[in-house]
Amino acid sequence: MYKFYFLTLRNKVFPLDGNKVFCKFGITHQSDVLRRFDPSVDDGYYKSEKYLEWDIKCDFSMFFDTKEEALAVEQRWL
């Protein structure tokens with residue numbers, strides 16, 4: 001099972017003016033999307049500490065039975 005997700009990110013160290021946020025979307029095999037960005041979770045994704053300085057909010061996600069279905073939705077967003 002895969003999820004397509006849409007996130008808003010706010011930098012805790014260098015906040016943007018006003019209500020501006022960074023947005024990110026993609027797919028993951030995690031049932032909890034935020035685990036995708038947790039460096040302590042060994043899930044096969046690129047490990048990075050860079051997300052520790054971000055406040056990440058999952059705005060929405062959608063389940064798909066196959067990776068191909070999730071990738072097709074991701075491609076529509078691109």
# chains A, B, ... in the order shown; residues from 1 in each chain; ligands from 1
call {"tool": "residues_around", "arguments": {"residues": "Pro15 of chain A", "least_positions_apart": "5", "cutoff": "12 Å", "atoms": "only C-alpha atoms", "output": "number ranges by chain"}}
result
A: 9-10, 20-22, 53-55
call {"tool": "write_last_selection", "arguments": {"atoms": "C-alpha atoms", "output": "JSON list (two decimals), in the first residue's frame"}}
result
[["chain", "number", "residue", "atom", "x", "y", "z"],
["A", 9, "LEU", "CA", 6.56, 22.99, 6.09],
["A", 10, "ARG", "CA", 7.57, 25.93, 8.29],
["A", 20, "LYS", "CA", 4.29, 31.82, 3.75],
["A", 21, "VAL", "CA", 5.12, 28.12, 3.84],
["A", 22, "PHE", "CA", 6.97, 25.59, 1.76],
["A", 53, "GLU", "CA", 14.42, 22.13, 11.86],
["A", 54, "TRP", "CA", 11.03, 22.03, 10.14],
["A", 55, "ASP", "CA", 7.52, 22.01, 11.56]]
call {"tool": "select_by_dssp", "arguments": {"residues": "segment 35-73 of chain A", "states": "helix (DSSP H, G or I)", "output": "NGL selection string"}}
result
:A and (35-37 or 50-53 or 67-73)
call {"tool": "closest_residue", "arguments": {"among": "A:Gln75, A:Ser61, A:Asn19, A:Thr8", "to": "Asp32 of chain A", "atoms": "only C-alpha atoms"}}
result
A:Ser61
call {"tool": "closest_residue", "arguments": {"among": "A:Leu7, A:Leu16, A:Arg35, A:Ile27", "to": "Glu74 of chain A", "atoms": "only C-alpha atoms"}}
result
A:Ile27
call {"tool": "residues_around", "arguments": {"residues": "Tyr51 of chain A", "least_positions_apart": "5", "cutoff": "12 Å", "atoms": "only C-alpha atoms", "output": "PyMOL selection string"}}
result
chain A and resi 9-13+34-40+46+56-57
call {"tool": "residues_around", "arguments": {"residues": "Met1 of chain A", "least_positions_apart": "6", "cutoff": "6 Å", "atoms": "only C-alpha atoms", "output": "short mmCIF file (atom, residue, chain, number, x, y, z; two decimals) with N, CA and C atoms, in the first residue's frame"}}
result
data_model
loop_
_atom_site.label_atom_id
_atom_site.label_comp_id
_atom_site.auth_asym_id
_atom_site.auth_seq_id
_atom_site.Cartn_x
_atom_site.Cartn_y
_atom_site.Cartn_z
N PHE A 64 -3.36 4.23 -1.87
CA PHE A 64 -3.44 3.54 -3.16
C PHE A 64 -2.95 2.11 -2.98
N ASP A 65 -3.52 1.20 -3.75
CA ASP A 65 -3.13 -0.21 -3.66
C ASP A 65 -1.75 -0.47 -4.23
N THR A 66 -1.36 0.30 -5.25
CA THR A 66 -0.07 0.06 -5.90
C THR A 66 0.75 1.34 -5.98
#
call {"tool": "select_by_dssp", "arguments": {"residues": "chain A", "states": "strand (DSSP E or B)", "output": "list in words"}}
result
Tyr2, Lys3, Phe4, Tyr5, Phe6, Leu7, Thr8, Leu9, Arg10, Asn11, Phe22, Cys23, Lys24, Phe25, Gly26, Ile27, Thr28, Trp54, Asp55, Ile56, Lys57, Cys58, Asp59, Phe60, Ser61, Met62, Phe63 and Phe64 of chain A
call {"tool": "decode", "arguments": {"residues": "segment 13-46 of chain A", "atoms": "N, CA and C atoms", "output": "PDB file, in the first residue's frame"}}
result
ATOM      1  N   VAL A  13      13.902  27.552  12.444  1.00  0.00           N
ATOM      2  CA  VAL A  13      15.112  28.343  12.653  1.00  0.00           C
ATOM      3  C   VAL A  13      15.058  29.650  11.871  1.00  0.00           C
ATOM      4  N   PHE A  14      14.615  29.564  10.621  1.00  0.00           N
ATOM      5  CA  PHE A  14      14.544  30.729   9.742  1.00  0.00           C
ATOM      6  C   PHE A  14      13.127  30.875   9.196  1.00  0.00           C
ATOM      7  N   PRO A  15      12.200  31.371  10.024  1.00  0.00           N
ATOM      8  CA  PRO A  15      10.812  31.475   9.565  1.00  0.00           C
ATOM      9  C   PRO A  15      10.653  32.497   8.436  1.00  0.00           C
ATOM     10  N   LEU A  16       9.714  32.217   7.556  1.00  0.00           N
ATOM     11  CA  LEU A  16       9.397  33.137   6.466  1.00  0.00           C
ATOM     12  C   LEU A  16       8.472  34.235   6.966  1.00  0.00           C
ATOM     13  N   ASP A  17       8.457  35.357   6.265  1.00  0.00           N
ATOM     14  CA  ASP A  17       7.557  36.457   6.618  1.00  0.00           C
ATOM     15  C   ASP A  17       6.101  36.050   6.412  1.00  0.00           C
ATOM     16  N   GLY A  18       5.248  36.529   7.282  1.00  0.00           N
ATOM     17  CA  GLY A  18       3.819  36.296   7.133  1.00  0.00           C
ATOM     18  C   GLY A  18       3.448  34.839   7.261  1.00  0.00           C
ATOM     19  N   ASN A  19       2.493  34.434   6.477  1.00  0.00           N
ATOM     20  CA  ASN A  19       2.002  33.054   6.523  1.00  0.00           C
ATOM     21  C   ASN A  19       2.570  32.197   5.399  1.00  0.00           C
ATOM     22  N   LYS A  20       3.701  32.589   4.834  1.00  0.00           N
ATOM     23  CA  LYS A  20       4.294  31.821   3.751  1.00  0.00           C
ATOM     24  C   LYS A  20       4.838  30.500   4.284  1.00  0.00           C
ATOM     25  N   VAL A  21       4.646  29.456   3.479  1.00  0.00           N
ATOM     26  CA  VAL A  21       5.124  28.118   3.839  1.00  0.00           C
ATOM     27  C   VAL A  21       5.727  27.468   2.599  1.00  0.00           C
ATOM     28  N   PHE A  22       6.518  26.457   2.836  1.00  0.00           N
ATOM     29  CA  PHE A  22       6.974  25.593   1.756  1.00  0.00           C
ATOM     30  C   PHE A  22       5.968  24.450   1.648  1.00  0.00           C
ATOM     31  N   CYS A  23       5.728  23.992   0.437  1.00  0.00           N
ATOM     32  CA  CYS A  23       4.841  22.858   0.216  1.00  0.00           C
ATOM     33  C   CYS A  23       5.630  21.726  -0.426  1.00  0.00           C
ATOM     34  N   LYS A  24       5.293  20.514  -0.058  1.00  0.00           N
ATOM     35  CA  LYS A  24       5.937  19.335  -0.618  1.00  0.00           C
ATOM     36  C   LYS A  24       4.881  18.274  -0.818  1.00  0.00           C
ATOM     37  N   PHE A  25       4.984  17.556  -1.929  1.00  0.00           N
ATOM     38  CA  PHE A  25       4.108  16.420  -2.145  1.00  0.00           C
ATOM     39  C   PHE A  25       4.934  15.264  -2.677  1.00  0.00           C
ATOM     40  N   GLY A  26       4.417  14.069  -2.530  1.00  0.00           N
ATOM     41  CA  GLY A  26       5.141  12.889  -2.995  1.00  0.00           C
ATOM     42  C   GLY A  26       4.398  11.639  -2.591  1.00  0.00           C
ATOM     43  N   ILE A  27       5.115  10.510  -2.639  1.00  0.00           N
ATOM     44  CA  ILE A  27       4.511   9.246  -2.223  1.00  0.00           C
ATOM     45  C   ILE A  27       5.390   8.600  -1.161  1.00  0.00           C
ATOM     46  N   THR A  28       4.790   7.730  -0.390  1.00  0.00           N
ATOM     47  CA  THR A  28       5.504   6.980   0.634  1.00  0.00           C
ATOM     48  C   THR A  28       4.796   5.649   0.856  1.00  0.00           C
ATOM     49  N   HIS A  29       5.524   4.685   1.390  1.00  0.00           N
ATOM     50  CA  HIS A  29       4.895   3.427   1.785  1.00  0.00           C
ATOM     51  C   HIS A  29       4.551   3.430   3.275  1.00  0.00           C
ATOM     52  N   GLN A  30       4.867   4.503   3.971  1.00  0.00           N
ATOM     53  CA  GLN A  30       4.529   4.619   5.395  1.00  0.00           C
ATOM     54  C   GLN A  30       3.037   4.902   5.564  1.00  0.00           C
ATOM     55  N   SER A  31       2.396   4.245   6.512  1.00  0.00           N
ATOM     56  CA  SER A  31       0.994   4.561   6.785  1.00  0.00           C
ATOM     57  C   SER A  31       0.873   5.906   7.492  1.00  0.00           C
ATOM     58  N   ASP A  32       1.892   6.270   8.286  1.00  0.00           N
ATOM     59  CA  ASP A  32       1.971   7.595   8.901  1.00  0.00           C
ATOM     60  C   ASP A  32       2.963   8.414   8.077  1.00  0.00           C
ATOM     61  N   VAL A  33       2.467   9.358   7.316  1.00  0.00           N
ATOM     62  CA  VAL A  33       3.289  10.134   6.389  1.00  0.00           C
ATOM     63  C   VAL A  33       4.474  10.786   7.081  1.00  0.00           C
ATOM     64  N   LEU A  34       4.288  11.262   8.299  1.00  0.00           N
ATOM     65  CA  LEU A  34       5.360  11.982   8.983  1.00  0.00           C
ATOM     66  C   LEU A  34       6.553  11.085   9.316  1.00  0.00           C
ATOM     67  N   ARG A  35       6.354   9.783   9.370  1.00  0.00           N
ATOM     68  CA  ARG A  35       7.482   8.858   9.587  1.00  0.00           C
ATOM     69  C   ARG A  35       8.455   8.920   8.414  1.00  0.00           C
ATOM     70  N   ARG A  36       7.972   9.333   7.264  1.00  0.00           N
ATOM     71  CA  ARG A  36       8.812   9.481   6.068  1.00  0.00           C
ATOM     72  C   ARG A  36       9.942  10.484   6.313  1.00  0.00           C
ATOM     73  N   PHE A  37       9.727  11.419   7.229  1.00  0.00           N
ATOM     74  CA  PHE A  37      10.689  12.491   7.491  1.00  0.00           C
ATOM     75  C   PHE A  37      11.385  12.345   8.833  1.00  0.00           C
ATOM     76  N   ASP A  38      11.188  11.236   9.504  1.00  0.00           N
ATOM     77  CA  ASP A  38      11.795  10.970  10.810  1.00  0.00           C
ATOM     78  C   ASP A  38      13.122  10.236  10.595  1.00  0.00           C
ATOM     79  N   PRO A  39      14.256  10.880  10.903  1.00  0.00           N
ATOM     80  CA  PRO A  39      15.554  10.238  10.645  1.00  0.00           C
ATOM     81  C   PRO A  39      15.804   8.999  11.498  1.00  0.00           C
ATOM     82  N   SER A  40      15.030   8.789  12.553  1.00  0.00           N
ATOM     83  CA  SER A  40      15.227   7.600  13.381  1.00  0.00           C
ATOM     84  C   SER A  40      14.528   6.368  12.804  1.00  0.00           C
ATOM     85  N   VAL A  41      13.712   6.559  11.781  1.00  0.00           N
ATOM     86  CA  VAL A  41      12.995   5.445  11.165  1.00  0.00           C
ATOM     87  C   VAL A  41      13.808   4.936   9.979  1.00  0.00           C
ATOM     88  N   ASP A  42      14.188   3.668  10.033  1.00  0.00           N
ATOM     89  CA  ASP A  42      14.941   3.071   8.937  1.00  0.00           C
ATOM     90  C   ASP A  42      13.955   2.426   7.973  1.00  0.00           C
ATOM     91  N   ASP A  43      13.559   3.197   6.960  1.00  0.00           N
ATOM     92  CA  ASP A  43      12.537   2.702   6.038  1.00  0.00           C
ATOM     93  C   ASP A  43      13.013   2.650   4.593  1.00  0.00           C
ATOM     94  N   GLY A  44      14.303   2.786   4.376  1.00  0.00           N
ATOM     95  CA  GLY A  44      14.842   2.701   3.030  1.00  0.00           C
ATOM     96  C   GLY A  44      14.921   4.026   2.302  1.00  0.00           C
ATOM     97  N   TYR A  45      14.347   5.084   2.869  1.00  0.00           N
ATOM     98  CA  TYR A  45      14.444   6.398   2.246  1.00  0.00           C
ATOM     99  C   TYR A  45      15.777   7.031   2.616  1.00  0.00           C
ATOM    100  N   TYR A  46      16.174   8.011   1.848  1.00  0.00           N
ATOM    101  CA  TYR A  46      17.386   8.764   2.131  1.00  0.00           C
ATOM    102  C   TYR A  46      17.296   9.360   3.531  1.00  0.00           C
TER     103      TYR A  46
END
